[in-house]
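S.K.: Please read through the structure below; I'll follow up with questions.
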Amino acid sequence: MFEIIDFSKKYEGASKYSAYKINLKVNDGEVCGLVGSNGAGKSTLIKSMTGILPYSEGTVIINGYDLRKQPVKAKKNIGYVPDDHTVYDKLTGREYVNLMGSMYGVKKQRKRAILDALATRFNLTHALDDQISSYSHGMKQKICIIGAMIHNPKVWVLDEPMVGLDPQTMAEVMKLIREHAARGNSVVFSSHNLDVVRRVCDKIAFIVQGRLVSVIDAATARNPAFDLDAYFMELNGKWNRY
């Protein structure tokens, strides 16, 4: 379970909040999509809820742990895929995933099993012993996803995970997201691709100028009579005036 309560974030020297009074709960077994224009505050929210950015207003709960009061326990329950596929370029893919697994205390046999299974799904087995510096953008994204899944996190957080992926890999990532939620975990991911969000999510949260302005459920988003793109544009037009 993931929950943020009255969360606000203002960068030093800034006159406006990048995120303001956000309340959002994602239950076990749920997938939540964060939707917003560039600069809306999605990445600020994601980096704060994973402990990368400090915050002083509000509360972030990760699987029952307060991120500010119990940061180590909270972070052990998070798997994070960044939007810039940040990895250790001088390591091989296998070394990187093994390092991530070791940081979370995953046993050697389990690390090998998960790595082999996901590398096969993502057609990456042939490159596991190559340096990551030789990887393409899409391959780096794949190894980030594998590294974030190696400890079976209770809360899986992905920032624009589909960027740079081919259609087959995108389909596999979508399946993996749904499978992870089906095992009783929570998934939060940001995306500009409304079709992906519509197909994968149980709920969709819309952020405009740092504010959570609407949350709709999957049934609404998938209703043929509901135009998700038009709704998104309407929200942006309304709230960008404030």
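Residues in the structure tokens are named by chain (A, B, ... in the order shown) and by number from 1 within that chain; ligands are numbered from 1 in the order shown.
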DSSP on the backbone, then: every residue of segment 37-230 of chain A marked helix (DSSP H, G or I), written as a PyMOL selection string.
M.R.: chain A and resi 42-49+71-75+93-103+108-121+125-127+132-134+137-149+167-182+194-200+218-222+228-230
S.K.: Can you tell me, as a PyMOL selection string, what residues are no more than 9 Å from Ile145 of chain A when counting only C-alpha atoms, ignoring any on the same chain fewer than 6 positions away?
M.R.: chain A and resi 79-81+85+158+161+173
S.K.: Output N, CA, C and O atoms for every residue in that selection, as a compact mmCIF listing (two decimals), in the first residue's frame.
M.R.:
```txt
# COMPACT_ATOMS: atom_id res chain seq x y z
N GLY A 79 10.52 -0.37 -5.30
CA GLY A 79 11.31 -0.61 -6.50
C GLY A 79 11.10 0.59 -7.41
O GLY A 79 9.96 0.97 -7.68
N TYR A 80 12.19 1.21 -7.87
CA TYR A 80 12.08 2.48 -8.60
C TYR A 80 12.75 2.40 -9.95
O TYR A 80 13.90 1.98 -10.07
N VAL A 81 12.01 2.80 -10.98
CA VAL A 81 12.54 2.90 -12.34
C VAL A 81 12.54 4.38 -12.73
O VAL A 81 11.48 4.97 -12.92
N HIS A 85 16.84 6.36 -16.92
CA HIS A 85 17.52 5.06 -16.86
C HIS A 85 18.93 5.17 -16.27
O HIS A 85 19.91 4.71 -16.84
N LEU A 158 7.39 3.71 -11.24
CA LEU A 158 8.02 3.86 -12.55
C LEU A 158 7.73 5.25 -13.11
O LEU A 158 6.58 5.68 -13.18
N PRO A 161 8.03 4.86 -17.86
CA PRO A 161 8.74 3.62 -18.16
C PRO A 161 8.70 3.19 -19.62
O PRO A 161 9.50 2.35 -20.04
N VAL A 173 6.11 -4.97 -20.52
CA VAL A 173 6.11 -4.14 -19.31
C VAL A 173 4.69 -3.98 -18.77
O VAL A 173 4.46 -4.07 -17.56
```
S.K.: Do you know which residues are at most 9 Å from Tyr17 of chain A counting only C-alpha atoms, after dropping those on the same chain fewer than 5 positions away, and could you put them as a list in words?
M.R.: Ser8, Lys9, Lys10, Tyr11, Gln209 and Gly210 of chain A
S.K.: Here is a test: counting only C-alpha atoms, which residue of A:Val188, A:Ile61, A:Val87, A:Ala182 is nearest to Lys140 of chain A?
M.R.: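 Of the candidates, the smallest distance to Lys140 of chain A is held by A:Val87.
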S.K.: Would you kindly return, as a PyMOL selection string, each protein, DNA or RNA residue with an atom no farther than 7 Å from any atom of segment 217-222 of chain A, considering only C-alpha atoms and excluding same-chain residues fewer than 4 positions away?
M.R.: chain A and resi 198+201-204+226+228
S.K.: Hey, can you spit out that residue selection with N, CA and C atoms as a PDB file, in the first residue's frame?
M.R.:
```
ATOM      1  N   ARG A 198      -4.841   4.036 -19.911  1.00  0.00           N
ATOM      2  CA  ARG A 198      -6.216   3.526 -19.982  1.00  0.00           C
ATOM      3  C   ARG A 198      -6.252   2.002 -19.903  1.00  0.00           C
ATOM      4  N   CYS A 201      -4.218   0.744 -15.990  1.00  0.00           N
ATOM      5  CA  CYS A 201      -4.462   1.244 -14.634  1.00  0.00           C
ATOM      6  C   CYS A 201      -5.826   0.862 -14.060  1.00  0.00           C
ATOM      7  N   ASP A 202      -5.867   0.838 -12.735  1.00  0.00           N
ATOM      8  CA  ASP A 202      -7.126   0.720 -12.000  1.00  0.00           C
ATOM      9  C   ASP A 202      -7.681   2.100 -11.676  1.00  0.00           C
ATOM     10  N   LYS A 203      -6.758   3.062 -11.514  1.00  0.00           N
ATOM     11  CA  LYS A 203      -7.169   4.445 -11.290  1.00  0.00           C
ATOM     12  C   LYS A 203      -6.155   5.368 -11.955  1.00  0.00           C
ATOM     13  N   ILE A 204      -6.622   6.547 -12.332  1.00  0.00           N
ATOM     14  CA  ILE A 204      -5.773   7.520 -13.003  1.00  0.00           C
ATOM     15  C   ILE A 204      -5.858   8.834 -12.245  1.00  0.00           C
ATOM     16  N   PHE A 226     -16.553   7.680 -23.020  1.00  0.00           N
ATOM     17  CA  PHE A 226     -15.709   8.647 -22.303  1.00  0.00           C
ATOM     18  C   PHE A 226     -14.443   8.925 -23.108  1.00  0.00           C
ATOM     19  N   LEU A 228     -10.975  10.144 -22.908  1.00  0.00           N
ATOM     20  CA  LEU A 228      -9.924  10.427 -21.929  1.00  0.00           C
ATOM     21  C   LEU A 228      -9.042  11.589 -22.373  1.00  0.00           C
TER      22      LEU A 228
END
```
S.K.: Could you check how far atom CA of Phe122 of chain A sits from atom CA of Lys107 of chain A, in Å to one decimal?
M.R.: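 Atom CA of Phe122 of chain A sits 22.3 Å away from atom CA of Lys107 of chain A.
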S.K.: What lies within 9 Å of Leu118 of chain A using only C-alpha atoms, ignoring chain neighbours under 6 positions off, as a list in words?
M.R.: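 My reading of the contact set: Leu124, Thr125 and Ile146 of chain A.
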S.K.: Just write the chosen residues, N, CA and C atoms, as a compact mmCIF listing (two decimals), in the first residue's frame.
M.R.:
```
# COMPACT_ATOMS: atom_id res chain seq x y z
N LEU A 124 16.93 -9.91 -23.44
CA LEU A 124 18.17 -9.25 -23.03
C LEU A 124 19.24 -10.25 -22.59
N THR A 125 18.93 -11.53 -22.66
CA THR A 125 19.86 -12.55 -22.17
C THR A 125 21.23 -12.45 -22.85
N ILE A 146 14.41 -4.52 -14.61
CA ILE A 146 14.79 -5.78 -13.96
C ILE A 146 15.39 -5.52 -12.59
```
